[in-house]
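Peer 1: Structure file coords-v1.cif, mmCIF, C-alpha atoms and all ligand atoms, is pasted below:
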data_my_file
#
loop_
_atom_site.group_PDB
_atom_site.id
_atom_site.type_symbol
_atom_site.label_atom_id
_atom_site.label_comp_id
_atom_site.auth_asym_id
_atom_site.auth_seq_id
_atom_site.Cartn_x
_atom_site.Cartn_y
_atom_site.Cartn_z
ATOM 1 C CA MET A 449 145.272 80.580 169.180
ATOM 2 C CA LEU A 450 142.685 79.878 166.502
ATOM 3 C CA GLY A 451 143.093 76.114 166.462
ATOM 4 C CA ILE A 452 145.235 73.122 165.619
ATOM 5 C CA GLY A 453 146.241 72.298 162.077
ATOM 6 C CA PHE A 454 147.740 69.408 160.179
ATOM 7 C CA ASN A 455 150.326 70.053 157.492
ATOM 8 C CA GLU A 456 150.006 67.346 154.854
ATOM 9 C CA ALA A 457 153.796 66.997 154.625
ATOM 10 C CA THR A 458 153.571 65.082 157.917
ATOM 11 C CA ALA A 459 151.981 62.134 156.107
ATOM 12 C CA GLN A 460 153.200 62.795 152.574
ATOM 13 C CA GLU A 461 154.749 59.377 151.977
ATOM 14 C CA CYS A 462 152.353 57.257 154.014
ATOM 15 C CA GLU A 463 150.739 54.506 152.009
ATOM 16 C CA GLY A 464 147.413 55.608 150.568
ATOM 17 C CA GLN A 465 147.864 59.284 151.381
ATOM 18 C CA SER A 466 145.904 61.795 149.330
ATOM 19 C CA LEU A 467 144.126 65.047 149.980
ATOM 20 C CA ILE A 468 140.805 63.207 150.294
ATOM 21 C CA THR A 469 142.106 60.696 152.850
ATOM 22 C CA ASP A 470 143.925 63.433 154.799
ATOM 23 C CA LEU A 471 140.726 65.468 154.989
ATOM 24 C CA LYS A 472 138.683 62.589 156.325
ATOM 25 C CA LEU A 473 141.256 61.375 158.846
ATOM 26 C CA CYS A 474 142.085 64.879 160.092
ATOM 27 C CA ASP A 475 138.410 65.714 160.540
ATOM 28 C CA ASP A 476 137.744 62.428 162.349
ATOM 29 C CA VAL A 477 140.630 62.821 164.771
ATOM 30 C CA GLY A 478 139.751 66.412 165.700
ATOM 31 C CA PHE A 479 142.046 68.767 163.788
ATOM 32 C CA ASP A 480 140.521 72.210 163.149
ATOM 33 C CA PHE A 481 142.542 73.162 160.065
ATOM 34 C CA ILE A 482 144.493 71.618 157.226
ATOM 35 C CA GLU A 483 147.545 72.998 155.436
ATOM 36 C CA ILE A 484 147.228 71.759 151.893
ATOM 37 C CA THR A 485 150.481 71.000 150.106
ATOM 38 C CA TYR A 486 151.152 71.684 146.472
ATOM 39 C CA ASP A 487 151.667 67.970 145.688
ATOM 40 C CA CYS A 488 148.403 66.828 147.246
ATOM 41 C CA MET A 489 146.449 69.634 145.585
ATOM 42 C CA TRP A 490 147.956 68.877 142.205
ATOM 43 C CA GLU A 491 147.227 65.144 142.486
ATOM 44 C CA TYR A 492 143.664 65.878 143.597
ATOM 45 C CA LEU A 493 143.012 67.969 140.482
ATOM 46 C CA GLN A 494 144.846 65.533 138.196
ATOM 47 C CA ALA A 495 142.585 62.755 139.452
ATOM 48 C CA GLY A 496 139.624 64.681 138.034
ATOM 49 C CA HIS A 497 138.292 66.277 141.222
ATOM 50 C CA THR A 498 137.196 69.902 141.183
ATOM 51 C CA LEU A 499 137.634 72.874 143.467
ATOM 52 C CA ASP A 500 133.846 73.146 143.783
ATOM 53 C CA GLU A 501 133.785 69.598 145.133
ATOM 54 C CA LEU A 502 136.477 70.516 147.646
ATOM 55 C CA ALA A 503 134.686 73.708 148.680
ATOM 56 C CA ALA A 504 131.488 71.702 149.220
ATOM 57 C CA TRP A 505 133.353 69.188 151.424
ATOM 58 C CA PHE A 506 134.555 71.975 153.715
ATOM 59 C CA THR A 507 131.047 73.388 154.141
ATOM 60 C CA LYS A 508 129.923 70.037 155.555
ATOM 61 C CA HIS A 509 132.794 69.382 157.973
ATOM 62 C CA HIS A 510 134.461 70.919 161.002
ATOM 63 C CA LEU A 511 137.909 70.841 159.334
ATOM 64 C CA LYS A 512 138.703 74.032 157.414
ATOM 65 C CA PRO A 513 141.441 75.053 154.974
ATOM 66 C CA TRP A 514 143.998 77.435 156.457
ATOM 67 C CA VAL A 515 147.216 77.509 154.518
ATOM 68 C CA TYR A 516 148.512 76.642 151.083
ATOM 69 C CA ASN A 517 152.019 75.251 151.516
ATOM 70 C CA ALA A 518 153.857 76.645 149.744
ATOM 71 C CA LEU A 519 154.857 79.128 147.075
ATOM 72 C CA ARG A 520 158.513 78.150 147.063
ATOM 73 C CA PHE A 521 161.583 80.126 146.003
ATOM 74 C CA PHE A 522 159.731 83.443 145.786
ATOM 75 C CA ASN A 523 162.821 85.682 145.776
ATOM 76 C CA MET A 524 165.960 86.347 143.709
ATOM 77 C CA ARG A 525 164.423 84.852 140.566
ATOM 78 C CA ASP A 526 165.461 85.584 136.997
ATOM 79 C CA GLU A 527 162.959 86.739 134.410
ATOM 80 C CA GLU A 528 161.745 83.253 133.500
ATOM 81 C CA GLY A 529 161.549 82.432 137.213
ATOM 82 C CA ARG A 530 159.369 85.470 137.829
ATOM 83 C CA ARG A 531 157.005 84.414 135.048
ATOM 84 C CA GLU A 532 156.805 80.967 136.643
ATOM 85 C CA LEU A 533 156.014 82.580 139.994
ATOM 86 C CA GLU A 534 153.217 84.573 138.407
ATOM 87 C CA ARG A 535 151.707 81.441 136.880
ATOM 88 C CA GLU A 536 151.934 79.689 140.224
ATOM 89 C CA ILE A 537 150.379 82.517 142.205
ATOM 90 C CA ASP A 538 147.512 82.629 139.682
ATOM 91 C CA PHE A 539 146.969 78.898 140.276
ATOM 92 C CA ILE A 540 147.036 79.432 144.050
ATOM 93 C CA ILE A 541 144.598 82.357 143.857
ATOM 94 C CA LYS A 542 142.106 80.123 142.043
ATOM 95 C CA ILE A 543 142.353 77.481 144.767
ATOM 96 C CA ALA A 544 142.224 79.911 147.663
ATOM 97 C CA ASP A 545 139.326 81.823 146.195
ATOM 98 C CA ALA A 546 137.321 78.665 145.511
ATOM 99 C CA ILE A 547 137.725 77.003 148.913
ATOM 100 C CA GLY A 548 138.130 79.982 151.240
ATOM 101 C CA MET A 549 141.785 79.402 152.064
ATOM 102 C CA ARG A 550 143.196 82.627 153.378
ATOM 103 C CA ILE A 551 146.959 82.215 153.695
ATOM 104 C CA VAL A 552 149.780 81.291 151.345
ATOM 105 C CA VAL A 553 153.090 80.361 152.929
ATOM 106 C CA ILE A 554 156.006 81.588 150.836
ATOM 107 C CA THR A 555 159.533 80.256 151.233
ATOM 108 C CA PRO A 556 162.866 81.741 150.107
ATOM 109 C CA SER A 557 165.273 80.599 147.407
ATOM 110 C CA ASN A 558 168.436 78.641 148.148
ATOM 111 C CA ASP A 559 171.963 79.147 146.784
ATOM 112 C CA VAL A 560 171.608 82.676 145.479
ATOM 113 C CA PHE A 561 174.812 84.106 144.011
ATOM 114 C CA ASP A 562 175.636 87.062 141.777
ATOM 115 C CA GLU A 563 177.032 86.626 138.268
ATOM 116 C CA ASP A 564 180.572 86.325 139.661
ATOM 117 C CA GLY A 565 179.488 83.528 141.949
ATOM 118 C CA ASN A 566 179.628 85.647 145.115
ATOM 119 C CA PRO A 567 176.923 85.388 147.762
ATOM 120 C CA TYR A 568 174.577 88.357 148.143
ATOM 121 C CA SER A 569 174.607 90.349 151.376
ATOM 122 C CA ILE A 570 171.668 90.183 153.759
ATOM 123 C CA GLU A 571 170.831 93.791 152.806
ATOM 124 C CA GLU A 572 170.709 92.915 149.086
ATOM 125 C CA ILE A 573 168.554 89.862 149.787
ATOM 126 C CA ARG A 574 166.282 91.868 152.073
ATOM 127 C CA ASP A 575 165.736 94.703 149.585
ATOM 128 C CA GLU A 576 164.968 92.333 146.715
ATOM 129 C CA ALA A 577 162.647 90.233 148.896
ATOM 130 C CA VAL A 578 160.707 93.363 149.879
ATOM 131 C CA GLU A 579 160.100 94.153 146.201
ATOM 132 C CA SER A 580 159.132 90.580 145.333
ATOM 133 C CA MET A 581 156.743 90.341 148.270
ATOM 134 C CA ARG A 582 155.096 93.667 147.447
ATOM 135 C CA PHE A 583 154.503 92.443 143.910
ATOM 136 C CA LEU A 584 152.876 89.224 145.181
ATOM 137 C CA ALA A 585 150.939 91.072 147.889
ATOM 138 C CA ASP A 586 149.428 93.441 145.313
ATOM 139 C CA LYS A 587 148.492 90.533 143.091
ATOM 140 C CA ILE A 588 146.566 88.666 145.804
ATOM 141 C CA LYS A 589 145.031 91.685 147.518
ATOM 142 C CA PRO A 590 141.731 91.730 145.557
ATOM 143 C CA TYR A 591 141.060 88.172 146.743
ATOM 144 C CA GLY A 592 141.541 88.827 150.457
ATOM 145 C CA ILE A 593 144.446 86.388 150.650
ATOM 146 C CA LYS A 594 147.516 86.862 152.850
ATOM 147 C CA LEU A 595 151.167 85.898 152.430
ATOM 148 C CA ALA A 596 153.153 84.413 155.309
ATOM 149 C CA LEU A 597 156.935 84.401 154.890
ATOM 150 C CA GLU A 598 158.576 81.342 156.433
ATOM 151 C CA PRO A 599 162.344 81.526 157.043
ATOM 152 C CA ILE A 600 163.944 78.148 156.335
ATOM 153 C CA GLY A 601 166.726 77.012 158.681
ATOM 154 C CA LEU A 602 169.152 75.704 156.086
ATOM 155 C CA PRO A 603 172.674 77.114 155.712
ATOM 156 C CA ASN A 604 172.173 77.773 151.977
ATOM 157 C CA CYS A 605 168.730 79.375 152.262
ATOM 158 C CA SER A 606 168.678 83.092 151.439
ATOM 159 C CA ILE A 607 166.397 83.959 154.395
ATOM 160 C CA ASN A 608 167.237 81.542 157.155
ATOM 161 C CA GLN A 609 166.746 83.394 160.434
ATOM 162 C CA TYR A 610 163.529 84.612 162.001
ATOM 163 C CA GLY A 611 164.918 88.123 162.610
ATOM 164 C CA THR A 612 165.750 88.624 158.918
ATOM 165 C CA ALA A 613 162.284 87.495 157.847
ATOM 166 C CA TYR A 614 160.667 89.735 160.464
ATOM 167 C CA GLU A 615 162.611 92.753 159.226
ATOM 168 C CA ILE A 616 161.590 92.014 155.616
ATOM 169 C CA VAL A 617 157.925 91.779 156.570
ATOM 170 C CA GLU A 618 158.148 95.067 158.484
ATOM 171 C CA LYS A 619 159.699 96.763 155.462
ATOM 172 C CA VAL A 620 157.108 95.335 153.070
ATOM 173 C CA ASP A 621 154.567 97.070 155.296
ATOM 174 C CA ARG A 622 151.378 95.641 153.797
ATOM 175 C CA ALA A 623 148.351 94.478 155.774
ATOM 176 C CA ASN A 624 148.273 91.187 153.861
ATOM 177 C CA VAL A 625 151.926 90.243 154.497
ATOM 178 C CA GLY A 626 152.999 88.437 157.661
ATOM 179 C CA LEU A 627 155.041 85.513 158.936
ATOM 180 C CA ALA A 628 155.100 81.783 159.506
ATOM 181 C CA LEU A 629 157.309 80.548 162.328
ATOM 182 C CA ASP A 630 158.570 76.973 162.301
ATOM 183 C CA THR A 631 160.012 75.779 165.609
ATOM 184 C CA PHE A 632 162.453 73.426 163.824
ATOM 185 C CA HIS A 633 163.712 76.092 161.411
ATOM 186 C CA PHE A 634 163.981 78.606 164.257
ATOM 187 C CA HIS A 635 166.389 76.289 166.039
ATOM 188 C CA ALA A 636 168.157 74.897 162.956
ATOM 189 C CA MET A 637 169.844 78.208 162.045
ATOM 190 C CA ASP A 638 170.017 79.426 165.635
ATOM 191 C CA SER A 639 167.484 82.263 165.306
ATOM 192 C CA HIS A 640 167.643 84.708 168.211
ATOM 193 C CA TRP A 641 165.136 84.407 171.038
ATOM 194 C CA GLU A 642 165.239 88.201 171.484
ATOM 195 C CA ASP A 643 163.840 88.566 167.957
ATOM 196 C CA LEU A 644 160.796 86.556 168.958
ATOM 197 C CA GLU A 645 160.530 88.111 172.403
ATOM 198 C CA SER A 646 160.473 91.613 170.935
ATOM 199 C CA ALA A 647 158.190 90.725 167.992
ATOM 200 C CA ASP A 648 154.683 91.945 167.347
ATOM 201 C CA VAL A 649 152.982 88.589 166.735
ATOM 202 C CA SER A 650 149.734 90.015 165.361
ATOM 203 C CA LYS A 651 151.154 89.181 161.906
ATOM 204 C CA LEU A 652 152.269 85.697 162.858
ATOM 205 C CA TRP A 653 149.514 83.655 161.210
ATOM 206 C CA VAL A 654 151.083 80.211 161.154
ATOM 207 C CA LEU A 655 153.121 78.318 163.722
ATOM 208 C CA HIS A 656 154.661 75.055 162.510
ATOM 209 C CA VAL A 657 155.235 72.927 165.573
ATOM 210 C CA ASN A 658 157.591 69.938 165.706
ATOM 211 C CA ASP A 659 160.773 68.919 167.510
ATOM 212 C CA SER A 660 164.345 68.074 166.620
ATOM 213 C CA GLU A 661 167.203 65.667 167.079
ATOM 214 C CA ASN A 662 170.240 67.126 168.820
ATOM 215 C CA LEU A 663 172.654 67.833 165.962
ATOM 216 C CA PRO A 664 175.084 70.721 165.446
ATOM 217 C CA ILE A 665 173.719 73.928 163.910
ATOM 218 C CA GLY A 666 174.083 73.654 160.129
ATOM 219 C CA GLN A 667 173.607 69.871 160.078
ATOM 220 C CA LEU A 668 169.870 69.730 160.616
ATOM 221 C CA LYS A 669 167.645 68.637 157.763
ATOM 222 C CA ASP A 670 163.910 68.027 157.574
ATOM 223 C CA CYS A 671 164.400 64.291 158.161
ATOM 224 C CA HIS A 672 165.727 65.095 161.665
ATOM 225 C CA ARG A 673 162.378 66.458 162.806
ATOM 226 C CA LEU A 674 160.551 64.642 165.588
ATOM 227 C CA TRP A 675 157.049 64.699 167.031
ATOM 228 C CA PRO A 676 156.535 67.717 169.318
ATOM 229 C CA GLY A 677 157.794 66.972 172.819
ATOM 230 C CA GLU A 678 160.192 64.208 171.742
ATOM 231 C CA GLY A 679 163.326 66.223 171.017
ATOM 232 C CA ILE A 680 165.511 69.034 172.302
ATOM 233 C CA LEU A 681 163.581 72.117 171.147
ATOM 234 C CA ASP A 682 162.605 74.566 173.853
ATOM 235 C CA LEU A 683 158.915 74.458 172.937
ATOM 236 C CA LYS A 684 158.050 75.656 176.436
ATOM 237 C CA ARG A 685 159.869 78.925 175.797
ATOM 238 C CA THR A 686 158.256 79.386 172.361
ATOM 239 C CA MET A 687 154.758 78.680 173.658
ATOM 240 C CA GLU A 688 155.172 80.894 176.723
ATOM 241 C CA ILE A 689 156.293 83.806 174.546
ATOM 242 C CA LEU A 690 153.385 83.286 172.143
ATOM 243 C CA LYS A 691 150.822 82.854 174.885
ATOM 244 C CA GLU A 692 152.024 86.006 176.609
ATOM 245 C CA LYS A 693 151.616 87.880 173.312
ATOM 246 C CA ASP A 694 148.133 86.444 172.623
ATOM 247 C CA PHE A 695 149.179 84.571 169.481
ATOM 248 C CA CYS A 696 146.073 84.311 167.333
ATOM 249 C CA GLY A 697 147.171 82.156 164.375
ATOM 250 C CA VAL A 698 146.946 78.433 163.757
ATOM 251 C CA CYS A 699 149.398 75.962 165.231
ATOM 252 C CA SER A 700 150.076 73.231 162.658
ATOM 253 C CA ILE A 701 152.125 70.126 163.095
ATOM 254 C CA GLU A 702 154.729 69.803 160.336
ATOM 255 C CA VAL A 703 157.117 66.863 160.430
ATOM 256 C CA PHE A 704 158.946 65.174 157.544
ATOM 257 C CA ARG A 705 160.352 62.101 159.214
ATOM 258 C CA PRO A 706 160.856 58.981 157.041
ATOM 259 C CA GLU A 707 160.102 56.554 159.878
ATOM 260 C CA TYR A 708 156.780 58.287 160.576
ATOM 261 C CA TYR A 709 155.871 57.690 156.920
ATOM 262 C CA GLU A 710 156.128 53.976 157.615
ATOM 263 C CA LEU A 711 153.221 54.214 160.043
ATOM 264 C CA SER A 712 149.775 53.547 158.692
ATOM 265 C CA HIS A 713 148.158 56.732 157.448
ATOM 266 C CA GLU A 714 145.598 56.553 160.287
ATOM 267 C CA ASP A 715 148.297 56.131 162.950
ATOM 268 C CA ASN A 716 150.404 58.943 161.517
ATOM 269 C CA ILE A 717 147.518 61.412 161.778
ATOM 270 C CA ARG A 718 146.260 60.185 165.151
ATOM 271 C CA ILE A 719 149.744 60.340 166.708
ATOM 272 C CA ALA A 720 150.353 63.767 165.125
ATOM 273 C CA TYR A 721 147.168 65.035 166.760
ATOM 274 C CA ASP A 722 147.879 63.506 170.169
ATOM 275 C CA LYS A 723 151.480 64.778 170.268
ATOM 276 C CA THR A 724 150.460 68.289 169.218
ATOM 277 C CA VAL A 725 147.663 68.490 171.758
ATOM 278 C CA SER A 726 149.879 67.177 174.550
ATOM 279 C CA VAL A 727 152.331 70.053 174.005
ATOM 280 C CA LEU A 728 149.796 72.813 173.342
ATOM 281 C CA LYS A 729 147.317 72.057 176.115
ATOM 282 C CA LYS A 730 149.828 73.214 178.710
ATOM 283 C CA TYR A 731 149.729 76.727 177.251
ATOM 284 C CA PHE A 732 146.514 77.224 175.300
ATOM 285 C CA SER A 733 142.961 76.279 176.143
HETATM 286 ZN ZN ZN B 801 157.434 74.863 158.241
#
As a first step, turn the structure in this file into structure tokens.
Ligand code: ZN
Peer 2:
Amino acid sequence: MLGIGFNEATAQECEGQSLITDLKLCDDVGFDFIEITYDCMWEYLQAGHTLDELAAWFTKHHLKPWVYNALRFFNMRDEEGRRELEREIDFIIKIADAIGMRIVVITPSNDVFDEDGNPYSIEEIRDEAVESMRFLADKIKPYGIKLALEPIGLPNCSINQYGTAYEIVEKVDRANVGLALDTFHFHAMDSHWEDLESADVSKLWVLHVNDSENLPIGQLKDCHRLWPGEGILDLKRTMEILKEKDFCGVCSIEVFRPEYYELSHEDNIRIAYDKTVSVLKKYFS
């Protein structure tokens, strides 16, 4: 494992949160990496800060940028949607290139239906996703940036199991296309352990770690996430598989729990760090 990261979503509604305060608090508490969210990045630039300023901050601190989170709804877009995607990926390239951020998490579209209102088959979704990802992969290639596809464990998400995402990434077959695995999403749509056990994890660049309340499959939403170690996820099994396979990505805490947003910003980040370390230290040095 490369190190421990903080996904800014974990504190996104804490009072006083911003990219600048996240950077300082994460660096102080000991995180190695930060996953910058679209909202925080946008607010940072709107407030008049520059990417050069951000790049300079990273050169002076231990904390480094890892992931941009996220290019959302990358697949099954109409023509206008594809133009929007292009504008967004151009914006992301500028950020990544300026601050040395190497990975862009991409997430799938929800509620995709054909013109008669029928759901697409997994094969149709897979084939279209392969094309869309190849287009994005070619666009970012000159900048040395990578795409990580994150399956989202919602019933209406077009790519909602780890095995489907893995197959798509294999078919895309580009050196700069890999995966993000989220322990909550893996459980939420009942992804198959065999798919992880048989996976080549050299293209798994991001692990989102968290935990979950015990609700029926299909009922879980982001607000049901818990700190790692406080719910029913079999994190031991995930970590043992990844350790055995020499996982070499970043393990980032990503929680979206309303009651954690009521904590002070400092407490949110300190607790996030402590909870992540207490789970990971059993498996990784
Ligand atoms: Zn995630």
Peer 1: Under the PyMOL selection byres (((chain A and resi 556) around 9) and not hetatm), which residues of this model are included? Write them out as a VMD selection string.
Peer 2: chain A and resid 519 to 524 554 to 555 557 to 558 577 597 to 600 605 to 608
Peer 1: As a check of understanding, name the residues that the PyMOL selection byres (((chain A and resi 616-625) around 8) and not hetatm) selects in the supplied structure, as a PDB file with C-alpha atoms, keeping the file's coordinate frame.
Peer 2:
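Contents of the output file part-v8.pdb:
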ATOM      1  CA  ARG A 574     166.282  91.868 152.073  1.00  0.00           C
ATOM      2  CA  ASP A 575     165.736  94.703 149.585  1.00  0.00           C
ATOM      3  CA  ALA A 577     162.647  90.233 148.896  1.00  0.00           C
ATOM      4  CA  VAL A 578     160.707  93.363 149.879  1.00  0.00           C
ATOM      5  CA  GLU A 579     160.100  94.153 146.201  1.00  0.00           C
ATOM      6  CA  MET A 581     156.743  90.341 148.270  1.00  0.00           C
ATOM      7  CA  ARG A 582     155.096  93.667 147.447  1.00  0.00           C
ATOM      8  CA  ALA A 585     150.939  91.072 147.889  1.00  0.00           C
ATOM      9  CA  LYS A 589     145.031  91.685 147.518  1.00  0.00           C
ATOM     10  CA  GLY A 592     141.541  88.827 150.457  1.00  0.00           C
ATOM     11  CA  ILE A 593     144.446  86.388 150.650  1.00  0.00           C
ATOM     12  CA  LYS A 594     147.516  86.862 152.850  1.00  0.00           C
ATOM     13  CA  LEU A 595     151.167  85.898 152.430  1.00  0.00           C
ATOM     14  CA  ALA A 596     153.153  84.413 155.309  1.00  0.00           C
ATOM     15  CA  LEU A 597     156.935  84.401 154.890  1.00  0.00           C
ATOM     16  CA  THR A 612     165.750  88.624 158.918  1.00  0.00           C
ATOM     17  CA  ALA A 613     162.284  87.495 157.847  1.00  0.00           C
ATOM     18  CA  TYR A 614     160.667  89.735 160.464  1.00  0.00           C
ATOM     19  CA  GLU A 615     162.611  92.753 159.226  1.00  0.00           C
ATOM     20  CA  GLY A 626     152.999  88.437 157.661  1.00  0.00           C
ATOM     21  CA  LEU A 627     155.041  85.513 158.936  1.00  0.00           C
ATOM     22  CA  LYS A 651     151.154  89.181 161.906  1.00  0.00           C
TER      23      LYS A 651
END
Peer 1: Which residues, written as a ChimeraX atom specification, have at least one atom at most 12 Å from Thr498 (chain A), with all atoms listed in the file counted and residues fewer than 4 positions away on the same chain left out?
Peer 2: /A:468,489-494,502-505,542-543,546-547
Peer 1: Can you give me, as a PyMOL selection string, the residues this file yields under the PyMOL selection byres (((not hetatm)) within 10 of (chain B and resi 801))?
Peer 2: chain A and resi 455+457+517-518+553+555+598-601+628-634+654-658+670+700-704
Peer 1: To one decimal place in Å, what is the distance between CA of Glu571 (chain A) and CA of Pro664 (chain A)?
Peer 2: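 Those two atoms sit 26.6 Å apart.
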Peer 1: Go through A:Ser646, A:Thr724, A:Ser733, A:Thr507 and flag the residue nearest Ile452 (chain A), using only C-alpha atoms for the distances.
Peer 2: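 Of A:Ser646, A:Thr724, A:Ser733, A:Thr507, the one nearest Ile452 (chain A) is A:Thr724, counting only C-alpha atoms.
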Peer 1: Hey, which of A:Leu471, A:Leu533, A:Val727, A:Leu602 ends up closest to Asp682 (chain A)? Count all atoms listed in the file.
Peer 2: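 When distances to Asp682 (chain A) are compared using all atoms listed in the file, the smallest one comes from A:Val727.
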Peer 1: Need a file for region 615-622 of chain A from that block: all heavy atoms, written as a PDB file, in the first residue's frame.
Peer 2:
ATOM      1  N   GLU A 615     -14.565  -6.430 -15.526  1.00  0.00           N
ATOM      2  CA  GLU A 615     -14.632  -6.938 -16.902  1.00  0.00           C
ATOM      3  C   GLU A 615     -14.503  -5.778 -17.909  1.00  0.00           C
ATOM      4  O   GLU A 615     -13.832  -5.909 -18.932  1.00  0.00           O
ATOM      5  CB  GLU A 615     -15.963  -7.673 -17.088  1.00  0.00           C
ATOM      6  CG  GLU A 615     -15.986  -8.530 -18.338  1.00  0.00           C
ATOM      7  CD  GLU A 615     -17.386  -9.013 -18.685  1.00  0.00           C
ATOM      8  OE1 GLU A 615     -18.288  -8.928 -17.837  1.00  0.00           O
ATOM      9  OE2 GLU A 615     -17.554  -9.461 -19.840  1.00  0.00           O
ATOM     10  N   ILE A 616     -15.153  -4.655 -17.602  1.00  0.00           N
ATOM     11  CA  ILE A 616     -15.072  -3.485 -18.485  1.00  0.00           C
ATOM     12  C   ILE A 616     -13.620  -3.010 -18.605  1.00  0.00           C
ATOM     13  O   ILE A 616     -13.113  -2.775 -19.696  1.00  0.00           O
ATOM     14  CB  ILE A 616     -16.002  -2.356 -17.984  1.00  0.00           C
ATOM     15  CG1 ILE A 616     -17.469  -2.766 -18.191  1.00  0.00           C
ATOM     16  CG2 ILE A 616     -15.706  -1.032 -18.681  1.00  0.00           C
ATOM     17  CD1 ILE A 616     -18.480  -1.886 -17.473  1.00  0.00           C
ATOM     18  N   VAL A 617     -12.967  -2.914 -17.451  1.00  0.00           N
ATOM     19  CA  VAL A 617     -11.576  -2.430 -17.453  1.00  0.00           C
ATOM     20  C   VAL A 617     -10.671  -3.386 -18.233  1.00  0.00           C
ATOM     21  O   VAL A 617      -9.797  -2.963 -18.993  1.00  0.00           O
ATOM     22  CB  VAL A 617     -11.089  -2.219 -15.999  1.00  0.00           C
ATOM     23  CG1 VAL A 617      -9.581  -2.024 -15.938  1.00  0.00           C
ATOM     24  CG2 VAL A 617     -11.810  -1.020 -15.392  1.00  0.00           C
ATOM     25  N   GLU A 618     -10.904  -4.679 -18.084  1.00  0.00           N
ATOM     26  CA  GLU A 618     -10.119  -5.660 -18.858  1.00  0.00           C
ATOM     27  C   GLU A 618     -10.335  -5.463 -20.352  1.00  0.00           C
ATOM     28  O   GLU A 618      -9.395  -5.526 -21.144  1.00  0.00           O
ATOM     29  CB  GLU A 618     -10.553  -7.076 -18.489  1.00  0.00           C
ATOM     30  CG  GLU A 618      -9.812  -7.631 -17.293  1.00  0.00           C
ATOM     31  CD  GLU A 618      -9.977  -9.140 -17.193  1.00  0.00           C
ATOM     32  OE1 GLU A 618     -11.109  -9.630 -17.412  1.00  0.00           O
ATOM     33  OE2 GLU A 618      -8.967  -9.810 -16.892  1.00  0.00           O
ATOM     34  N   LYS A 619     -11.590  -5.221 -20.727  1.00  0.00           N
ATOM     35  CA  LYS A 619     -11.889  -5.062 -22.164  1.00  0.00           C
ATOM     36  C   LYS A 619     -11.352  -3.740 -22.709  1.00  0.00           C
ATOM     37  O   LYS A 619     -10.962  -3.667 -23.871  1.00  0.00           O
ATOM     38  CB  LYS A 619     -13.400  -5.141 -22.395  1.00  0.00           C
ATOM     39  CG  LYS A 619     -13.918  -6.564 -22.326  1.00  0.00           C
ATOM     40  CD  LYS A 619     -15.290  -6.678 -22.951  1.00  0.00           C
ATOM     41  CE  LYS A 619     -15.859  -8.078 -22.808  1.00  0.00           C
ATOM     42  NZ  LYS A 619     -15.085  -9.112 -23.482  1.00  0.00           N
ATOM     43  N   VAL A 620     -11.347  -2.712 -21.894  1.00  0.00           N
ATOM     44  CA  VAL A 620     -10.772  -1.430 -22.344  1.00  0.00           C
ATOM     45  C   VAL A 620      -9.300  -1.631 -22.710  1.00  0.00           C
ATOM     46  O   VAL A 620      -8.809  -1.123 -23.712  1.00  0.00           O
ATOM     47  CB  VAL A 620     -10.911  -0.336 -21.255  1.00  0.00           C
ATOM     48  CG1 VAL A 620     -10.152   0.920 -21.655  1.00  0.00           C
ATOM     49  CG2 VAL A 620     -12.375  -0.007 -21.011  1.00  0.00           C
ATOM     50  N   ASP A 621      -8.610  -2.402 -21.835  1.00  0.00           N
ATOM     51  CA  ASP A 621      -7.251  -2.838 -22.146  1.00  0.00           C
ATOM     52  C   ASP A 621      -6.300  -1.674 -22.471  1.00  0.00           C
ATOM     53  O   ASP A 621      -5.655  -1.662 -23.519  1.00  0.00           O
ATOM     54  CB  ASP A 621      -7.306  -3.840 -23.329  1.00  0.00           C
ATOM     55  CG  ASP A 621      -5.985  -4.588 -23.481  1.00  0.00           C
ATOM     56  OD1 ASP A 621      -5.243  -4.692 -22.489  1.00  0.00           O
ATOM     57  OD2 ASP A 621      -5.686  -5.035 -24.611  1.00  0.00           O
ATOM     58  N   ARG A 622      -6.263  -0.699 -21.579  1.00  0.00           N
ATOM     59  CA  ARG A 622      -5.324   0.413 -21.731  1.00  0.00           C
ATOM     60  C   ARG A 622      -4.527   0.523 -20.435  1.00  0.00           C
ATOM     61  O   ARG A 622      -5.092   0.347 -19.341  1.00  0.00           O
ATOM     62  CB  ARG A 622      -6.065   1.742 -21.941  1.00  0.00           C
ATOM     63  CG  ARG A 622      -6.874   1.831 -23.217  1.00  0.00           C
ATOM     64  CD  ARG A 622      -5.972   2.158 -24.420  1.00  0.00           C
ATOM     65  NE  ARG A 622      -6.631   1.745 -25.650  1.00  0.00           N
ATOM     66  CZ  ARG A 622      -7.451   2.509 -26.363  1.00  0.00           C
ATOM     67  NH1 ARG A 622      -7.692   3.739 -25.971  1.00  0.00           N
ATOM     68  NH2 ARG A 622      -8.004   2.046 -27.454  1.00  0.00           N
TER      69      ARG A 622
END
